[in-house]
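Participant: Sharing coords_38.txt here; it has compact mmCIF, N, CA and C atoms.
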# COMPACT_ATOMS: atom_id res chain seq x y z
N MET A 1 -7.00 24.80 2.26
CA MET A 1 -6.35 23.78 3.07
C MET A 1 -6.52 22.43 2.37
N PRO A 2 -5.42 21.64 2.25
CA PRO A 2 -5.52 20.34 1.59
C PRO A 2 -6.34 19.36 2.41
N PRO A 3 -6.91 18.34 1.75
CA PRO A 3 -7.65 17.31 2.47
C PRO A 3 -6.76 16.63 3.51
N ALA A 4 -7.38 16.03 4.51
CA ALA A 4 -6.66 15.44 5.62
C ALA A 4 -5.95 14.14 5.25
N GLY A 5 -6.39 13.46 4.21
CA GLY A 5 -5.75 12.21 3.81
C GLY A 5 -6.35 11.01 4.50
N ASP A 6 -5.87 10.70 5.71
CA ASP A 6 -6.36 9.49 6.37
C ASP A 6 -7.82 9.62 6.79
N LEU A 7 -8.23 10.79 7.26
CA LEU A 7 -9.59 10.96 7.74
C LEU A 7 -10.63 11.06 6.63
N ASP A 8 -10.24 11.58 5.46
CA ASP A 8 -11.21 11.66 4.36
C ASP A 8 -10.88 10.67 3.23
N SER A 9 -9.99 9.72 3.51
CA SER A 9 -9.65 8.64 2.57
C SER A 9 -9.18 9.15 1.22
N THR A 10 -8.22 10.07 1.26
CA THR A 10 -7.62 10.57 0.02
C THR A 10 -6.11 10.42 0.09
N ILE A 11 -5.49 10.45 -1.08
CA ILE A 11 -4.04 10.49 -1.19
C ILE A 11 -3.70 11.79 -1.92
N ASN A 12 -2.73 12.52 -1.41
CA ASN A 12 -2.36 13.81 -1.96
C ASN A 12 -0.94 13.75 -2.50
N VAL A 13 -0.73 14.37 -3.66
CA VAL A 13 0.59 14.43 -4.27
C VAL A 13 1.04 15.90 -4.25
N PHE A 14 2.28 16.12 -3.85
CA PHE A 14 2.84 17.46 -3.77
C PHE A 14 4.15 17.54 -4.55
N THR A 15 4.47 18.72 -5.03
CA THR A 15 5.80 19.00 -5.54
C THR A 15 6.52 19.82 -4.48
N TYR A 16 7.83 19.80 -4.54
CA TYR A 16 8.62 20.57 -3.58
C TYR A 16 9.45 21.59 -4.35
N GLU A 17 9.27 22.86 -4.00
CA GLU A 17 10.01 23.95 -4.62
C GLU A 17 11.24 24.24 -3.76
N ILE A 18 12.41 23.88 -4.26
CA ILE A 18 13.65 24.03 -3.48
C ILE A 18 13.93 25.48 -3.13
N SER A 19 13.76 26.38 -4.10
CA SER A 19 14.13 27.79 -3.86
C SER A 19 13.32 28.45 -2.75
N THR A 20 12.07 28.02 -2.58
CA THR A 20 11.22 28.62 -1.54
C THR A 20 10.97 27.67 -0.38
N ALA A 21 11.51 26.45 -0.48
CA ALA A 21 11.29 25.41 0.54
C ALA A 21 9.80 25.24 0.83
N SER A 22 9.00 25.14 -0.25
CA SER A 22 7.56 25.02 -0.06
C SER A 22 6.98 23.86 -0.87
N LEU A 23 5.83 23.38 -0.39
CA LEU A 23 5.10 22.32 -1.06
C LEU A 23 3.95 22.91 -1.86
N CYS A 24 3.66 22.29 -3.00
CA CYS A 24 2.52 22.68 -3.82
C CYS A 24 1.72 21.43 -4.15
N GLN A 25 0.46 21.40 -3.73
CA GLN A 25 -0.39 20.24 -4.00
C GLN A 25 -0.76 20.20 -5.47
N ILE A 26 -0.52 19.04 -6.12
CA ILE A 26 -0.80 18.92 -7.55
C ILE A 26 -1.86 17.87 -7.86
N GLN A 27 -2.20 17.02 -6.86
CA GLN A 27 -3.19 15.97 -7.14
C GLN A 27 -3.79 15.48 -5.83
N THR A 28 -5.09 15.18 -5.86
CA THR A 28 -5.79 14.52 -4.76
C THR A 28 -6.69 13.45 -5.37
N LEU A 29 -6.55 12.22 -4.87
CA LEU A 29 -7.36 11.11 -5.36
C LEU A 29 -8.01 10.40 -4.18
N SER A 30 -9.20 9.88 -4.42
CA SER A 30 -9.87 9.07 -3.41
C SER A 30 -9.22 7.71 -3.32
N LEU A 31 -9.19 7.15 -2.12
CA LEU A 31 -8.69 5.81 -1.91
C LEU A 31 -9.79 4.76 -1.99
N LEU A 32 -11.01 5.21 -2.26
CA LEU A 32 -12.18 4.33 -2.23
C LEU A 32 -12.89 4.31 -3.58
N PRO A 33 -13.61 3.23 -3.87
CA PRO A 33 -14.44 3.22 -5.08
C PRO A 33 -15.56 4.25 -4.97
N GLU A 34 -16.02 4.75 -6.09
CA GLU A 34 -17.06 5.78 -6.11
C GLU A 34 -18.34 5.34 -5.41
N ASN A 35 -18.68 4.06 -5.48
CA ASN A 35 -19.95 3.59 -4.93
C ASN A 35 -19.89 3.25 -3.44
N PHE A 36 -18.75 3.48 -2.76
CA PHE A 36 -18.64 3.18 -1.34
C PHE A 36 -19.06 4.40 -0.53
N HIS A 37 -19.99 4.20 0.41
CA HIS A 37 -20.49 5.31 1.23
C HIS A 37 -20.41 5.04 2.72
N GLY A 38 -19.67 4.01 3.12
CA GLY A 38 -19.53 3.69 4.54
C GLY A 38 -18.42 4.47 5.20
N ARG A 39 -18.15 4.12 6.44
CA ARG A 39 -17.09 4.77 7.22
C ARG A 39 -15.75 4.12 6.87
N ASN A 40 -14.72 4.94 6.69
CA ASN A 40 -13.40 4.43 6.34
C ASN A 40 -12.33 5.39 6.86
N ILE A 41 -11.20 4.83 7.25
CA ILE A 41 -10.02 5.62 7.60
C ILE A 41 -8.83 4.95 6.93
N ALA A 42 -8.06 5.72 6.18
CA ALA A 42 -6.85 5.18 5.56
C ALA A 42 -5.84 4.88 6.67
N ALA A 43 -4.99 3.88 6.45
CA ALA A 43 -4.07 3.50 7.51
C ALA A 43 -2.61 3.64 7.12
N HIS A 44 -2.16 2.92 6.13
CA HIS A 44 -0.73 2.88 5.85
C HIS A 44 -0.51 2.92 4.35
N LEU A 45 0.60 3.51 3.95
CA LEU A 45 0.97 3.47 2.53
C LEU A 45 2.37 2.94 2.39
N GLN A 46 2.60 2.29 1.26
CA GLN A 46 3.90 1.66 0.99
C GLN A 46 4.21 1.84 -0.49
N VAL A 47 5.39 2.35 -0.78
CA VAL A 47 5.85 2.49 -2.16
C VAL A 47 6.59 1.21 -2.53
N GLY A 48 6.26 0.67 -3.71
CA GLY A 48 6.85 -0.59 -4.15
C GLY A 48 8.23 -0.43 -4.73
N ALA A 49 8.76 -1.55 -5.19
CA ALA A 49 10.09 -1.60 -5.78
C ALA A 49 10.20 -0.62 -6.94
N ALA A 50 11.33 -0.01 -7.05
CA ALA A 50 11.65 0.95 -8.12
C ALA A 50 10.72 2.16 -8.11
N SER A 51 10.00 2.38 -7.01
CA SER A 51 9.13 3.55 -6.84
C SER A 51 8.07 3.68 -7.93
N ARG A 52 7.62 2.57 -8.49
CA ARG A 52 6.65 2.60 -9.58
C ARG A 52 5.20 2.41 -9.14
N PHE A 53 5.00 1.86 -7.92
CA PHE A 53 3.64 1.56 -7.47
C PHE A 53 3.47 1.98 -6.01
N LEU A 54 2.22 2.32 -5.67
CA LEU A 54 1.87 2.74 -4.32
C LEU A 54 0.70 1.90 -3.85
N TYR A 55 0.78 1.42 -2.60
CA TYR A 55 -0.25 0.60 -1.99
C TYR A 55 -0.72 1.29 -0.71
N VAL A 56 -2.06 1.40 -0.53
CA VAL A 56 -2.61 2.09 0.63
C VAL A 56 -3.71 1.23 1.24
N SER A 57 -3.66 1.04 2.57
CA SER A 57 -4.68 0.22 3.24
C SER A 57 -5.84 1.09 3.71
N ASN A 58 -7.05 0.54 3.62
CA ASN A 58 -8.30 1.20 4.02
C ASN A 58 -8.99 0.41 5.12
N ARG A 59 -9.10 1.04 6.31
CA ARG A 59 -9.81 0.42 7.43
C ARG A 59 -11.27 0.85 7.35
N GLY A 60 -12.15 -0.09 7.17
CA GLY A 60 -13.58 0.19 7.01
C GLY A 60 -14.04 -0.45 5.71
N HIS A 61 -13.41 -0.07 4.62
CA HIS A 61 -13.67 -0.71 3.33
C HIS A 61 -12.92 -2.04 3.25
N ASP A 62 -11.93 -2.23 4.13
CA ASP A 62 -11.11 -3.45 4.21
C ASP A 62 -10.49 -3.78 2.86
N SER A 63 -9.75 -2.81 2.34
CA SER A 63 -9.18 -2.98 1.01
C SER A 63 -7.79 -2.37 0.91
N ILE A 64 -7.15 -2.68 -0.20
CA ILE A 64 -5.87 -2.08 -0.56
C ILE A 64 -6.10 -1.34 -1.87
N ALA A 65 -5.80 -0.04 -1.87
CA ALA A 65 -5.86 0.75 -3.10
C ALA A 65 -4.48 0.67 -3.76
N VAL A 66 -4.48 0.43 -5.06
CA VAL A 66 -3.22 0.26 -5.80
C VAL A 66 -3.12 1.36 -6.86
N PHE A 67 -1.98 2.06 -6.88
CA PHE A 67 -1.75 3.15 -7.82
C PHE A 67 -0.42 2.95 -8.54
N ALA A 68 -0.38 3.37 -9.80
CA ALA A 68 0.89 3.47 -10.52
C ALA A 68 1.42 4.88 -10.31
N ILE A 69 2.74 5.01 -10.18
CA ILE A 69 3.38 6.30 -10.01
C ILE A 69 4.09 6.67 -11.30
N ASP A 70 3.75 7.81 -11.87
CA ASP A 70 4.44 8.30 -13.07
C ASP A 70 5.81 8.82 -12.62
N LEU A 71 6.88 8.19 -13.08
CA LEU A 71 8.21 8.56 -12.63
C LEU A 71 8.65 9.93 -13.14
N ALA A 72 8.01 10.42 -14.20
CA ALA A 72 8.38 11.73 -14.75
C ALA A 72 7.86 12.89 -13.90
N ASP A 73 6.60 12.78 -13.43
CA ASP A 73 6.02 13.92 -12.70
C ASP A 73 5.45 13.56 -11.33
N GLY A 74 5.50 12.29 -10.94
CA GLY A 74 5.01 11.87 -9.63
C GLY A 74 3.51 11.71 -9.53
N MET A 75 2.78 11.96 -10.60
CA MET A 75 1.32 11.83 -10.57
C MET A 75 0.93 10.35 -10.42
N LEU A 76 -0.23 10.14 -9.79
CA LEU A 76 -0.73 8.79 -9.55
C LEU A 76 -1.84 8.43 -10.53
N ARG A 77 -1.91 7.15 -10.86
CA ARG A 77 -3.01 6.61 -11.67
C ARG A 77 -3.53 5.38 -10.94
N ARG A 78 -4.85 5.38 -10.66
CA ARG A 78 -5.45 4.23 -9.97
C ARG A 78 -5.38 3.00 -10.86
N ILE A 79 -4.90 1.91 -10.27
CA ILE A 79 -4.88 0.62 -10.96
C ILE A 79 -6.10 -0.19 -10.55
N ASP A 80 -6.30 -0.32 -9.22
CA ASP A 80 -7.42 -1.14 -8.76
C ASP A 80 -7.57 -1.00 -7.25
N GLN A 81 -8.59 -1.66 -6.76
CA GLN A 81 -8.93 -1.77 -5.36
C GLN A 81 -9.16 -3.25 -5.11
N LEU A 82 -8.55 -3.84 -4.09
CA LEU A 82 -8.78 -5.25 -3.83
C LEU A 82 -8.92 -5.50 -2.34
N SER A 83 -9.55 -6.60 -2.02
CA SER A 83 -9.77 -6.97 -0.62
C SER A 83 -8.43 -7.13 0.09
N SER A 84 -8.39 -6.72 1.34
CA SER A 84 -7.17 -6.84 2.13
C SER A 84 -6.96 -8.26 2.65
N GLY A 85 -7.93 -9.13 2.45
CA GLY A 85 -7.82 -10.50 2.94
C GLY A 85 -8.19 -10.64 4.40
N GLY A 86 -8.83 -9.61 4.96
CA GLY A 86 -9.26 -9.66 6.35
C GLY A 86 -9.98 -8.38 6.73
N LYS A 87 -10.13 -8.15 8.04
CA LYS A 87 -10.83 -6.97 8.55
C LYS A 87 -9.84 -5.99 9.18
N THR A 88 -10.02 -4.72 8.84
CA THR A 88 -9.26 -3.60 9.39
C THR A 88 -7.76 -3.71 9.10
N PRO A 89 -7.38 -3.58 7.84
CA PRO A 89 -5.95 -3.63 7.49
C PRO A 89 -5.22 -2.41 8.04
N ARG A 90 -4.34 -2.62 8.99
CA ARG A 90 -3.63 -1.51 9.64
C ARG A 90 -2.31 -1.19 8.95
N ASN A 91 -1.56 -2.21 8.60
CA ASN A 91 -0.22 -2.01 8.09
C ASN A 91 0.01 -2.95 6.93
N LEU A 92 0.88 -2.54 6.03
CA LEU A 92 1.28 -3.43 4.95
C LEU A 92 2.75 -3.18 4.67
N VAL A 93 3.42 -4.22 4.18
CA VAL A 93 4.85 -4.13 3.93
C VAL A 93 5.20 -5.00 2.73
N ILE A 94 6.21 -4.56 1.99
CA ILE A 94 6.70 -5.32 0.84
C ILE A 94 8.00 -6.00 1.27
N ASP A 95 8.14 -7.28 0.91
CA ASP A 95 9.35 -8.01 1.32
C ASP A 95 10.57 -7.45 0.59
N PRO A 96 11.78 -7.73 1.08
CA PRO A 96 12.99 -7.15 0.48
C PRO A 96 13.21 -7.49 -0.99
N THR A 97 12.61 -8.57 -1.49
CA THR A 97 12.78 -8.90 -2.91
C THR A 97 11.80 -8.13 -3.79
N GLY A 98 10.79 -7.50 -3.17
CA GLY A 98 9.78 -6.77 -3.92
C GLY A 98 8.70 -7.64 -4.53
N ARG A 99 8.69 -8.92 -4.17
CA ARG A 99 7.74 -9.86 -4.79
C ARG A 99 6.50 -10.14 -3.97
N LEU A 100 6.52 -9.83 -2.66
CA LEU A 100 5.39 -10.13 -1.80
C LEU A 100 4.92 -8.90 -1.05
N LEU A 101 3.60 -8.77 -0.92
CA LEU A 101 2.97 -7.75 -0.10
C LEU A 101 2.30 -8.48 1.06
N VAL A 102 2.60 -8.06 2.28
CA VAL A 102 2.00 -8.68 3.46
C VAL A 102 1.15 -7.63 4.15
N VAL A 103 -0.12 -8.00 4.44
CA VAL A 103 -1.07 -7.07 5.04
C VAL A 103 -1.45 -7.57 6.43
N ALA A 104 -1.32 -6.69 7.43
CA ALA A 104 -1.71 -7.01 8.81
C ALA A 104 -3.15 -6.56 9.01
N ASN A 105 -4.06 -7.51 9.15
CA ASN A 105 -5.48 -7.24 9.36
C ASN A 105 -5.79 -7.36 10.85
N GLN A 106 -5.96 -6.22 11.50
CA GLN A 106 -6.06 -6.16 12.95
C GLN A 106 -7.28 -6.91 13.51
N ASP A 107 -8.46 -6.66 12.97
CA ASP A 107 -9.68 -7.21 13.58
C ASP A 107 -10.01 -8.63 13.15
N SER A 108 -9.32 -9.17 12.15
CA SER A 108 -9.51 -10.58 11.81
C SER A 108 -8.30 -11.40 12.27
N ASP A 109 -7.37 -10.74 12.96
CA ASP A 109 -6.21 -11.43 13.56
C ASP A 109 -5.43 -12.26 12.54
N ASN A 110 -5.16 -11.67 11.37
CA ASN A 110 -4.41 -12.43 10.39
C ASN A 110 -3.47 -11.55 9.56
N LEU A 111 -2.49 -12.22 8.97
CA LEU A 111 -1.63 -11.62 7.96
C LEU A 111 -2.02 -12.25 6.63
N ALA A 112 -2.29 -11.44 5.62
CA ALA A 112 -2.63 -11.94 4.29
C ALA A 112 -1.44 -11.67 3.37
N ILE A 113 -1.10 -12.67 2.56
CA ILE A 113 0.07 -12.59 1.69
C ILE A 113 -0.39 -12.47 0.23
N PHE A 114 0.22 -11.52 -0.50
CA PHE A 114 -0.09 -11.28 -1.91
C PHE A 114 1.20 -11.36 -2.73
N HIS A 115 1.11 -11.90 -3.93
CA HIS A 115 2.23 -11.89 -4.87
C HIS A 115 2.12 -10.61 -5.70
N ILE A 116 3.21 -9.87 -5.87
CA ILE A 116 3.20 -8.63 -6.66
C ILE A 116 3.75 -8.92 -8.05
N ASP A 117 2.96 -8.63 -9.08
CA ASP A 117 3.44 -8.74 -10.46
C ASP A 117 4.45 -7.63 -10.70
N PRO A 118 5.69 -7.95 -11.08
CA PRO A 118 6.72 -6.90 -11.21
C PRO A 118 6.45 -5.90 -12.33
N TRP A 119 5.65 -6.27 -13.32
CA TRP A 119 5.38 -5.37 -14.46
C TRP A 119 4.17 -4.48 -14.23
N THR A 120 3.11 -5.07 -13.68
CA THR A 120 1.88 -4.29 -13.50
C THR A 120 1.73 -3.73 -12.09
N GLY A 121 2.49 -4.27 -11.14
CA GLY A 121 2.37 -3.85 -9.75
C GLY A 121 1.17 -4.44 -9.04
N TYR A 122 0.39 -5.24 -9.78
CA TYR A 122 -0.86 -5.74 -9.21
C TYR A 122 -0.60 -6.86 -8.20
N PRO A 123 -1.15 -6.73 -6.98
CA PRO A 123 -1.01 -7.80 -5.99
C PRO A 123 -2.12 -8.84 -6.16
N THR A 124 -1.72 -10.10 -6.23
CA THR A 124 -2.66 -11.20 -6.35
C THR A 124 -2.64 -12.02 -5.07
N PRO A 125 -3.81 -12.32 -4.49
CA PRO A 125 -3.83 -13.13 -3.26
C PRO A 125 -3.17 -14.48 -3.49
N THR A 126 -2.35 -14.90 -2.53
CA THR A 126 -1.72 -16.22 -2.61
C THR A 126 -2.58 -17.26 -1.90
N ASN A 127 -3.64 -16.81 -1.22
CA ASN A 127 -4.49 -17.66 -0.39
C ASN A 127 -3.74 -18.25 0.79
N ARG A 128 -2.61 -17.60 1.15
CA ARG A 128 -1.88 -17.96 2.37
C ARG A 128 -2.14 -16.87 3.40
N THR A 129 -2.61 -17.28 4.56
CA THR A 129 -2.78 -16.35 5.67
C THR A 129 -2.17 -16.98 6.91
N TYR A 130 -1.80 -16.12 7.83
CA TYR A 130 -1.24 -16.57 9.09
C TYR A 130 -1.99 -15.89 10.22
N GLN A 131 -2.42 -16.68 11.18
CA GLN A 131 -3.15 -16.13 12.33
C GLN A 131 -2.17 -15.47 13.28
N THR A 132 -2.49 -14.26 13.68
CA THR A 132 -1.70 -13.52 14.66
C THR A 132 -2.62 -12.50 15.32
N PRO A 133 -2.66 -12.44 16.63
CA PRO A 133 -3.64 -11.58 17.31
C PRO A 133 -3.36 -10.08 17.13
N SER A 134 -4.40 -9.34 16.76
CA SER A 134 -4.39 -7.87 16.68
C SER A 134 -3.17 -7.30 15.96
N SER A 135 -2.91 -7.79 14.77
CA SER A 135 -1.75 -7.33 14.00
C SER A 135 -1.88 -5.86 13.66
N THR A 136 -0.86 -5.07 13.98
CA THR A 136 -0.91 -3.64 13.68
C THR A 136 0.34 -3.11 12.99
N CYS A 137 1.46 -3.82 13.07
CA CYS A 137 2.69 -3.30 12.48
C CYS A 137 3.56 -4.46 12.00
N LEU A 138 4.15 -4.29 10.83
CA LEU A 138 5.01 -5.32 10.25
C LEU A 138 6.34 -4.72 9.81
N THR A 139 7.37 -5.54 9.86
CA THR A 139 8.66 -5.18 9.26
C THR A 139 9.39 -6.47 8.93
N PHE A 140 10.32 -6.40 8.00
CA PHE A 140 11.13 -7.55 7.66
C PHE A 140 12.51 -7.39 8.26
N LEU A 141 12.97 -8.42 8.94
CA LEU A 141 14.34 -8.49 9.44
C LEU A 141 14.99 -9.66 8.71
N VAL A 142 15.91 -9.35 7.81
CA VAL A 142 16.49 -10.38 6.97
C VAL A 142 18.00 -10.29 7.05
N SER A 143 18.65 -11.43 7.21
CA SER A 143 20.11 -11.42 7.22
C SER A 143 20.59 -11.11 5.81
N GLU A 144 21.74 -10.50 5.71
CA GLU A 144 22.33 -10.15 4.41
C GLU A 144 22.45 -11.39 3.53
N ARG A 145 22.87 -12.51 4.10
CA ARG A 145 23.05 -13.75 3.34
C ARG A 145 21.73 -14.24 2.76
N ARG A 146 20.69 -14.29 3.58
CA ARG A 146 19.39 -14.78 3.10
C ARG A 146 18.79 -13.86 2.04
N PHE A 147 18.98 -12.55 2.18
CA PHE A 147 18.47 -11.60 1.20
C PHE A 147 19.09 -11.88 -0.17
N HIS A 148 20.37 -12.09 -0.23
CA HIS A 148 21.05 -12.34 -1.51
C HIS A 148 20.67 -13.71 -2.09
N GLU A 149 20.44 -14.70 -1.22
CA GLU A 149 19.99 -16.01 -1.68
C GLU A 149 18.61 -15.93 -2.32
N ALA A 150 17.73 -15.08 -1.80
CA ALA A 150 16.36 -14.95 -2.31
C ALA A 150 16.33 -14.26 -3.66
N ARG A 151 17.28 -13.43 -3.93
CA ARG A 151 17.31 -12.69 -5.19
C ARG A 151 17.75 -13.59 -6.27
Just give me the structure of the file as structure tokens.
Facilitator:
Amino acid sequence: MPPAGDLDSTINVFTYEISTASLCQIQTLSLLPENFHGRNIAAHLQVGAASRFLYVSNRGHDSIAVFAIDLADGMLRRIDQLSSGGKTPRNLVIDPTGRLLVVANQDSDNLAIFHIDPWTGYPTPTNRTYQTPSSTCLTFLVSERRFHEAR
């Protein structure tokens, strides 16, 4: 049986066999640094622009795990682990331009904003946060006109 993912803080990669309509697990990676031994539950994952990077929030470790996605075989490579900018990151979302990562930190009542490097996928804190009570879910609603102006 494959690991649970959110409960054991792992990310699992599967292939899909069309002829048999079945999944085959090909990779399992921890979402946490090796030296972390506290309680953690994974919360949300988000694939970045061009499907090259994956971001996963960790509630307990209060971090974002960053992975590169190999476009040839779908395998993941850990890039880094960074602070979520608050406590208990529940949700994260990438803006429509692919340049910003916004993290909803539920227990610190804030949204933390990160700039995403388009080449490395690495999110860098912008040191901009917004107070909002018990943030748990984010989405972008953008008019067609404003989206094209931002690009």
Participant: Give me, as a list in words, all polymer residues having an atom no more than 6 Å from range 29-41 of chain A, counting only N, CA and C atoms and skipping those fewer than 4 positions away in the same chain.
Facilitator: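 After dropping sequence-adjacent residues, the list is Asp6, Leu7, Ser9, Thr10, Ile11, Asn12, Ser57, Asn58, Arg59, Gly60, His61 and Ala65 of chain A.
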Participant: Between atom N of Leu111 in chain A and CA of Phe67 in chain A, what is the distance, to one decimal in Å?
Facilitator: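 For atom N of Leu111 in chain A relative to CA of Phe67 in chain A, the distance reads 22.8 Å.
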Participant: Can you find the residues with an atom no farther than 5 Å from (4.2, -8.5, -5.8), counting all atoms listed in the file, and report them as a list in words?
Facilitator: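 Within the cut-off we find Gly98, Arg99, Leu100, Leu101, His115, Ile116 and Asp117 of chain A.
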Participant: Neighbours of Asp70 in chain A within 12 Å (only C-alpha atoms; same-chain residues fewer than 4 positions away dropped), as a PyMOL selection string?
Facilitator: chain A and resi 13+50-54+74-78
Participant: Please identify all polymer residues within 9 Å of Gln131 in chain A, counting only C-alpha atoms, omitting same-chain residues fewer than 6 positions from it, and present them as a VMD selection string.
Facilitator: chain A and resid 108 to 111
Participant: How many Å separate CA of Ala43 in chain A from CA of Glu17 in chain A?
Facilitator: 27.6 Å
Participant: Can you measure CA of Gln27 in chain A to CA of Val103 in chain A for me? One decimal in Å is fine.
Facilitator: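 It comes out at 26.1 Å.
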Participant: Which residues in chain A does DSSP call helix (DSSP H, G or I)? List them as a ChimeraX atom specification.
Facilitator: /A:49-51,144-150
Participant: May I have the residues within 6.5 Å of Ser84 in chain A as a compact mmCIF listing (two decimals) with N, CA and C atoms, in the frame of the given file, using all atoms listed in the file and disregarding those fewer than 5 positions away in the same chain?
Facilitator:
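The result, written out as selection_34.txt:
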# COMPACT_ATOMS: atom_id res chain seq x y z
N ASP A 62 -11.93 -2.23 4.13
CA ASP A 62 -11.11 -3.45 4.21
C ASP A 62 -10.49 -3.78 2.86
N SER A 63 -9.75 -2.81 2.34
CA SER A 63 -9.18 -2.98 1.01
C SER A 63 -7.79 -2.37 0.91
N ILE A 64 -7.15 -2.68 -0.20
CA ILE A 64 -5.87 -2.08 -0.56
C ILE A 64 -6.10 -1.34 -1.87
N PRO A 89 -7.38 -3.58 7.84
CA PRO A 89 -5.95 -3.63 7.49
C PRO A 89 -5.22 -2.41 8.04
N VAL A 103 -0.12 -8.00 4.44
CA VAL A 103 -1.07 -7.07 5.04
C VAL A 103 -1.45 -7.57 6.43
N ALA A 112 -2.29 -11.44 5.62
CA ALA A 112 -2.63 -11.94 4.29
C ALA A 112 -1.44 -11.67 3.37
Participant: May I ask which of the residues A:Gly121, A:Gly5, A:Pro133, A:Pro96 is the closest one to Val66 in chain A, counting only N, CA and C atoms?
Facilitator: A:Gly121
Participant: Taking into account only C-alpha atoms, which residue in the set A:Thr15, A:Gln81, A:Ser22, A:Gln46 is nearest to Tyr122 in chain A?
Facilitator: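 Of all the options, A:Gln81 lies closest to Tyr122 in chain A.
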Participant: Out of A:Cys24, A:Leu92, A:Val102, A:Leu138, which residue has the shortest atom-to-atom distance to Ala42 in chain A when counting only C-alpha atoms?
Facilitator: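 The closest residue to Ala42 in chain A is A:Leu92.
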Participant: DSSP says strand (DSSP E or B) for which residues of chain A? Put them as a PyMOL selection string?
Facilitator: chain A and resi 10-17+22-30+41-47+53-59+63-69+76-83+89-94+100-105+110-116+123-131
Participant: For Val93 in chain A, which of A:Trp119, A:Phe140, A:Phe14, A:Tyr130 is the closest residue, counting only N, CA and C atoms?
Facilitator: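 Checking each candidate against Val93 in chain A, we get A:Phe140 as the closest.
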